[in-house]
Amino acid sequence: MRAIIGPNGAGKTSMLNVINGFYHPQTGKITYKGKSRSAMSPNEAANSGIARTFQNVALFHGMSTLDNIMVGRNLKMRRGFFWQALYHGPARTEELENREFIEHIITFLEIEAIRRTPVSRLPYGLQKRVELGRALAMQPDLLLLDEPMAGMNLEEKGDMSRYILDVNEHFGTTIALIEHDMGVVMDLSDRVVVLDYGHKIADGTPGEVQKNQAVIDAYLGVAH
Amino acid sequence: MGEFAYMVLIDPFVQMFELPDFFVQVIWEGFVGGVLYSLIALGFVLIFKASGVFNFAQGIMVVFAALTLVGLNAMGVQAHLALVLTVVVMLVLAFSVERLVLRPLVNQPDIILFMATIGLTYFLIGFGELLFGGEPKIMISDQLGLPSGAVDFDILGGLVSLQKIDIAAIFIAGAMVAVLAVFFDKTRIGRALRAVADDHQAALSVGISLSTIWVVVWFTAGIVALTTGIMWGARSDVSFALQIVAFKALPVLILGGFTSIPGAIVGGLIIGIGEKIGEVYWGPLVGGSIESWLAYFIALIFLMFRPQGLFGEKIIERV
Amino acid sequence: MFYREVGQFKTNYRADQSIFPIRQDRIAIGALLIAAFIVAPLIMNDFWLNSIMIPFLIFALAAIGLNILTGYCGQISLGTGGFMGVGAYACYKLTTIFPDTNIILLILISGIFSAGIGVIFGIPSLRIKGFYLAVATLASQFFLEWAFGRIAWLYNYNDSGAIEVPTRKILEFAVTGPTASPVVRYLVVLSIVVFLTWIASNLVRGRIGRMWMAVRDHDIAAELMGVHLLRTKLMAFAVSSYYCGVAGALMVFLWLGAAEVESFDINQSFLILFMVVIGGLGSLVGAFIGAAFIWILPIFLRAAPGVFGFEIGAATVEHLNFIVVGALIIIFLIAEPNGLARLWQTAKQKLRVWPFPY
């Protein structure tokens, strides 16, 4: 688990956007699973096992929790138009298998009670949790979390930290985390990268980064 | 096949070159049409900027204004008095729309507001025809003191004929745009309006009254509609068949952008001239009357290469 | 009291995912189908079948088509009338070329042509969004209108420029043409509409429907989840246009009997859009409710002055009709912006907890 931190406007979210193909880098390459490339489409990124959550909740507002998480299974479902139209035979079997899979996620995130609720009616904390569920449904190898705890109270932050740790430990998923709450960052992550104005100014264990003079300068400002 | 390619690719240009006076005439006709499209598009843009409403009724407001003017005159009201009364009617319309349509629908999704303006369109068609009758009418351009007749120029070895009413239309349109520009740039209401266009809630929070702004823009759009209606009515006649003109102003909008006043003006001219040239030189090859859709294709092809429109800023998507 | 799901436990996901998870709903829909297929033809006279039921069902089908595109996939289209026309003209050409082929089959095939045209005009949706796209779809509407009027091959070089439906029989029953009885036509329309509604409900509750809704609600997030935007949007355009095309073919062959360009003009597009929005975006039931409301209301309005003993000229009635329809649309949007389908949902919810408010 690696955290990406930095002052506002340091380019953390842009970094994630580049990793999952939404932005294309002007220079440089992304190396992922041993392959280097300068740009890929969001669809390729999703296909190769990159999932993410968003800084401002980007759920599908008109749909229920269940349907939102089911969209995450989209890439794992193969049956074509014909069987979908009949909703019979292979399509239904596939639908039910995936339903069973996401019920595990729903149980894991403890959101059983809001299964059928349209997500637009949920409070912010739960929406963030559903978003994590949707990303998990993709069974990602790399999970990008963009400020998963922004705007949460202490208790919700605790819950969310526990889910993130569990995902990391049980599923072995690599996680890249952007977060402003330093306490959380230092406790959760194995390594921390610090960005400032788009440049990497530090990279190391939480302890090393805390002592790094460049990082302290970036956060507190220096007299010129 | 080769012959067809010749007809499409070469022959029209040969014609343009051989009869340059006619070509100038075509461009002039397209230019005047384009000015009127620009005016309709301008009404759309004003309302879209200030209230985010895609006002489908703008075209009908043009007809409704012209019909009210002519109808009042037919009832015996003196022409200039009728003009003043029509302005009053447009003000009442602006108030009613704000009170009865916009205010109850505030914060609804865009498509709901859009549908409401289609409802308004139906209402105005029925209302206008009920009051003034559905048959086509003649615009009272003489009584209003608008010039008639034509001015002929000898150029390029031929005769180019400009209708005086068209020349007047261009001057009036130019003057109106100038007045609007000053109004938005220099006055207090203009500044408030630009603030509302940027962010409704922020504008509200500094004490700008949304309802006042909405009435102002709908009234301004009504005045623009009235001007357009008089000009267009003088060129043909006044009836609800004129609403087809509104459909032609829509491609101007996607070309120029929904929020750009310069876009509406330049887009209108491009569409007006482009469709006239297309209709005259290429239309006969495919059976004519391609004016109904040519403008859309011009705008669409343009948009495929520049999705943000003529003057729009490059769209940067964020998550 | 009677509408309650207490005691109906789902023991597997299959039962939980069925179309009507509540038993009372299943009974109600069964009763409705019996009424539509058996009772209605027995008790309704020709006027009712011809002027109310058949057009209602056809418009409901078109509204489902538009609802798939606009309500589920979020792409506003003003070209419905044109796509209906493609279906109608395609069916007319098909039955001219293959006079002996089963007409119902041809009607279902003619939708495919409409789907193809829909895909072509859907391509701009990749780069253009929202109202820009709505205006762009007007291009298809005006271009198709022009094509129907100008390309003489489409209407077999008739002098009138209109298409006249020939008589086609299935098992000795005239299905189309002047001799076809309203009951036969009604049953054919009903069967096709019920079948296609079932298909639509399968599509929207499965993977494809979820992809459409994901694109509608948040296209960027959908793309990052691996939903291919262009493919998904074009599929919505294709399916939507297919439904509209079949509805157009039904409209000409089983209802009007003849058609010309004006049958598919921009006002037709608006009519269908009204049905979808008044009924409820993203609701198949809403398509039916909206179609019933928008179709039956003007019939009632035209009859109303006579009932109350007023003598009003036909032109005035038309004007009043415009005023009332326009005003009612605004009133409905203000009263229930989510459409009549939402009222229906609320009513069901109330019934479920009756007699207590919670």
# chains A, B, ... in the order shown; residues from 1 in each chain; ligands from 1
>>> interface_residues(of="chain C", to="chain B", cutoff="6 Å", atoms="only C-alpha atoms", output="list in words")
Tyr132, Ala139, Phe142, Phe143, His319, Phe322, Ile323, Gly326, Ile329, Ile330 and Ile334 of chain C
>>> write_last_selection(atoms="C-alpha atoms", output="PDB file, in the first residue's frame")
ATOM      1  CA  TYR C 132     -26.010  19.984 -28.402  1.00  0.00           C
ATOM      2  CA  ALA C 139     -30.460  16.881 -38.399  1.00  0.00           C
ATOM      3  CA  PHE C 142     -35.120  17.069 -41.140  1.00  0.00           C
ATOM      4  CA  PHE C 143     -32.914  14.995 -43.407  1.00  0.00           C
ATOM      5  CA  HIS C 319     -56.520  26.466 -30.902  1.00  0.00           C
ATOM      6  CA  PHE C 322     -53.091  23.671 -28.257  1.00  0.00           C
ATOM      7  CA  ILE C 323     -53.519  26.025 -25.313  1.00  0.00           C
ATOM      8  CA  GLY C 326     -49.412  23.274 -23.595  1.00  0.00           C
ATOM      9  CA  ILE C 329     -47.760  19.881 -19.856  1.00  0.00           C
ATOM     10  CA  ILE C 330     -46.338  22.760 -17.835  1.00  0.00           C
ATOM     11  CA  ILE C 334     -44.503  21.408 -12.043  1.00  0.00           C
TER      12      ILE C 334
END
>>> interface_residues(of="chain C", to="chain A", cutoff="10 Å", atoms="only C-alpha atoms", output="MDAnalysis selection string")
chainID C and resid 12:14 16:18 72 196 198:211 213:229 235 282
>>> select_by_dssp(residues="stretch 88-257 of chain B", states="strand (DSSP E)", output="ChimeraX atom specification")
/B:150-155,158-163
>>> atom_distance(atom1="atom CA of C:Gly87", atom2="atom CA of C:Gly111")
5.3 Å
>>> select_by_dssp(residues="stretch 124-334 of chain C", states="alpha helix (DSSP H)", output="PyMOL selection string")
chain C and resi 130-150+182-205+207-217+219-224+229-250+266-279+284-307+314-334
>>> residues_around(residues="B:Arg99", least_positions_apart="6", cutoff="12 Å", atoms="only C-alpha atoms", output="list in words")
Val92, Leu93, Leu105, Val106, Leu210, Ser211, Thr212, Trp214, Val215 and Trp218 of chain B
>>> residues_around(residues="C:Gly79", least_positions_apart="5", cutoff="8 Å", atoms="only C-alpha atoms", output="PyMOL selection string")
chain C and resi 137-141+266+269
>>> write_last_selection(atoms="N, CA and C atoms", output="compact mmCIF listing (two decimals), in the first residue's frame")
# COMPACT_ATOMS: atom_id res chain seq x y z
N THR C 137 -29.67 15.77 -33.31
CA THR C 137 -30.62 14.75 -33.77
C THR C 137 -31.69 15.37 -34.65
N LEU C 138 -31.89 16.68 -34.53
CA LEU C 138 -32.83 17.33 -35.45
C LEU C 138 -32.33 17.20 -36.89
N ALA C 139 -31.00 17.08 -37.05
CA ALA C 139 -30.46 16.88 -38.40
C ALA C 139 -31.08 15.63 -39.01
N SER C 140 -31.13 14.55 -38.23
CA SER C 140 -31.71 13.33 -38.77
C SER C 140 -33.18 13.54 -39.08
N GLN C 141 -33.87 14.23 -38.17
CA GLN C 141 -35.30 14.45 -38.39
C GLN C 141 -35.55 15.18 -39.72
N ILE C 266 -41.69 16.73 -37.31
CA ILE C 266 -41.09 17.08 -36.02
C ILE C 266 -42.12 17.04 -34.89
N SER C 269 -42.25 13.77 -33.31
CA SER C 269 -41.13 13.59 -32.37
C SER C 269 -41.46 14.20 -31.01
>>> decode(residues="stretch 73-157 of chain B", atoms="C-alpha atoms", output="PDB file, in the first residue's frame")
ATOM      1  CA  ASN B  73     -52.987  47.023 -35.949  1.00  0.00           C
ATOM      2  CA  ALA B  74     -55.750  45.090 -37.680  1.00  0.00           C
ATOM      3  CA  MET B  75     -57.986  45.837 -34.679  1.00  0.00           C
ATOM      4  CA  GLY B  76     -57.563  49.538 -35.448  1.00  0.00           C
ATOM      5  CA  VAL B  77     -54.617  50.476 -33.237  1.00  0.00           C
ATOM      6  CA  GLN B  78     -52.236  52.948 -34.848  1.00  0.00           C
ATOM      7  CA  ALA B  79     -49.003  51.269 -35.946  1.00  0.00           C
ATOM      8  CA  HIS B  80     -46.549  52.885 -33.544  1.00  0.00           C
ATOM      9  CA  LEU B  81     -48.952  52.568 -30.649  1.00  0.00           C
ATOM     10  CA  ALA B  82     -49.328  48.896 -31.554  1.00  0.00           C
ATOM     11  CA  LEU B  83     -45.544  48.585 -31.410  1.00  0.00           C
ATOM     12  CA  VAL B  84     -45.494  50.022 -27.899  1.00  0.00           C
ATOM     13  CA  LEU B  85     -48.361  47.771 -26.842  1.00  0.00           C
ATOM     14  CA  THR B  86     -46.525  44.754 -28.225  1.00  0.00           C
ATOM     15  CA  VAL B  87     -43.509  45.637 -26.120  1.00  0.00           C
ATOM     16  CA  VAL B  88     -45.842  45.720 -23.125  1.00  0.00           C
ATOM     17  CA  VAL B  89     -47.219  42.319 -24.110  1.00  0.00           C
ATOM     18  CA  MET B  90     -43.687  40.900 -24.242  1.00  0.00           C
ATOM     19  CA  LEU B  91     -43.050  42.319 -20.776  1.00  0.00           C
ATOM     20  CA  VAL B  92     -46.201  40.652 -19.471  1.00  0.00           C
ATOM     21  CA  LEU B  93     -45.095  37.436 -21.130  1.00  0.00           C
ATOM     22  CA  ALA B  94     -41.697  37.655 -19.443  1.00  0.00           C
ATOM     23  CA  PHE B  95     -43.348  38.182 -16.053  1.00  0.00           C
ATOM     24  CA  SER B  96     -45.775  35.331 -16.563  1.00  0.00           C
ATOM     25  CA  VAL B  97     -43.082  32.924 -17.699  1.00  0.00           C
ATOM     26  CA  GLU B  98     -40.941  33.740 -14.688  1.00  0.00           C
ATOM     27  CA  ARG B  99     -43.832  33.450 -12.250  1.00  0.00           C
ATOM     28  CA  LEU B 100     -45.731  30.505 -13.717  1.00  0.00           C
ATOM     29  CA  VAL B 101     -43.049  28.387 -15.353  1.00  0.00           C
ATOM     30  CA  LEU B 102     -39.514  29.128 -14.191  1.00  0.00           C
ATOM     31  CA  ARG B 103     -40.078  29.760 -10.519  1.00  0.00           C
ATOM     32  CA  PRO B 104     -42.018  26.554  -9.799  1.00  0.00           C
ATOM     33  CA  LEU B 105     -39.492  24.552 -11.806  1.00  0.00           C
ATOM     34  CA  VAL B 106     -36.335  25.971 -10.306  1.00  0.00           C
ATOM     35  CA  ASN B 107     -33.616  23.350  -9.717  1.00  0.00           C
ATOM     36  CA  GLN B 108     -35.329  20.751 -11.890  1.00  0.00           C
ATOM     37  CA  PRO B 109     -33.227  18.846 -14.442  1.00  0.00           C
ATOM     38  CA  ASP B 110     -32.549  20.617 -17.721  1.00  0.00           C
ATOM     39  CA  ILE B 111     -34.755  18.332 -19.744  1.00  0.00           C
ATOM     40  CA  ILE B 112     -37.788  19.193 -17.599  1.00  0.00           C
ATOM     41  CA  LEU B 113     -37.284  22.905 -18.211  1.00  0.00           C
ATOM     42  CA  PHE B 114     -36.746  22.194 -21.886  1.00  0.00           C
ATOM     43  CA  MET B 115     -40.044  20.282 -22.031  1.00  0.00           C
ATOM     44  CA  ALA B 116     -41.767  23.143 -20.239  1.00  0.00           C
ATOM     45  CA  THR B 117     -40.650  25.524 -22.978  1.00  0.00           C
ATOM     46  CA  ILE B 118     -42.082  23.141 -25.570  1.00  0.00           C
ATOM     47  CA  GLY B 119     -45.314  23.291 -23.568  1.00  0.00           C
ATOM     48  CA  LEU B 120     -45.007  27.084 -23.705  1.00  0.00           C
ATOM     49  CA  THR B 121     -44.551  26.820 -27.471  1.00  0.00           C
ATOM     50  CA  TYR B 122     -47.831  24.922 -27.821  1.00  0.00           C
ATOM     51  CA  PHE B 123     -49.562  27.373 -25.542  1.00  0.00           C
ATOM     52  CA  LEU B 124     -48.363  30.412 -27.487  1.00  0.00           C
ATOM     53  CA  ILE B 125     -49.339  28.880 -30.828  1.00  0.00           C
ATOM     54  CA  GLY B 126     -52.861  28.194 -29.609  1.00  0.00           C
ATOM     55  CA  PHE B 127     -53.148  31.527 -27.812  1.00  0.00           C
ATOM     56  CA  GLY B 128     -51.856  33.602 -30.719  1.00  0.00           C
ATOM     57  CA  GLU B 129     -54.072  31.920 -33.267  1.00  0.00           C
ATOM     58  CA  LEU B 130     -57.099  32.122 -30.995  1.00  0.00           C
ATOM     59  CA  LEU B 131     -56.690  35.874 -30.521  1.00  0.00           C
ATOM     60  CA  PHE B 132     -55.588  36.944 -33.973  1.00  0.00           C
ATOM     61  CA  GLY B 133     -56.644  34.115 -36.261  1.00  0.00           C
ATOM     62  CA  GLY B 134     -54.477  31.519 -37.955  1.00  0.00           C
ATOM     63  CA  GLU B 135     -54.373  32.898 -41.505  1.00  0.00           C
ATOM     64  CA  PRO B 136     -51.126  34.472 -42.805  1.00  0.00           C
ATOM     65  CA  LYS B 137     -50.922  38.258 -42.446  1.00  0.00           C
ATOM     66  CA  ILE B 138     -48.952  41.061 -44.067  1.00  0.00           C
ATOM     67  CA  MET B 139     -46.407  42.881 -41.901  1.00  0.00           C
ATOM     68  CA  ILE B 140     -47.241  46.570 -41.479  1.00  0.00           C
ATOM     69  CA  SER B 141     -43.787  47.691 -42.544  1.00  0.00           C
ATOM     70  CA  ASP B 142     -45.014  50.837 -44.376  1.00  0.00           C
ATOM     71  CA  GLN B 143     -46.934  52.127 -41.387  1.00  0.00           C
ATOM     72  CA  LEU B 144     -43.892  51.572 -39.178  1.00  0.00           C
ATOM     73  CA  GLY B 145     -41.865  53.712 -41.540  1.00  0.00           C
ATOM     74  CA  LEU B 146     -39.624  50.906 -42.776  1.00  0.00           C
ATOM     75  CA  PRO B 147     -38.266  51.447 -46.281  1.00  0.00           C
ATOM     76  CA  SER B 148     -39.377  49.356 -49.218  1.00  0.00           C
ATOM     77  CA  GLY B 149     -38.127  48.889 -52.751  1.00  0.00           C
ATOM     78  CA  ALA B 150     -34.633  47.992 -53.848  1.00  0.00           C
ATOM     79  CA  VAL B 151     -31.284  49.566 -54.543  1.00  0.00           C
ATOM     80  CA  ASP B 152     -29.466  48.293 -57.606  1.00  0.00           C
ATOM     81  CA  PHE B 153     -25.732  48.226 -58.027  1.00  0.00           C
ATOM     82  CA  ASP B 154     -23.824  47.780 -61.248  1.00  0.00           C
ATOM     83  CA  ILE B 155     -20.870  45.619 -60.360  1.00  0.00           C
ATOM     84  CA  LEU B 156     -18.910  42.778 -61.890  1.00  0.00           C
ATOM     85  CA  GLY B 157     -20.605  43.260 -65.230  1.00  0.00           C
TER      86      GLY B 157
END
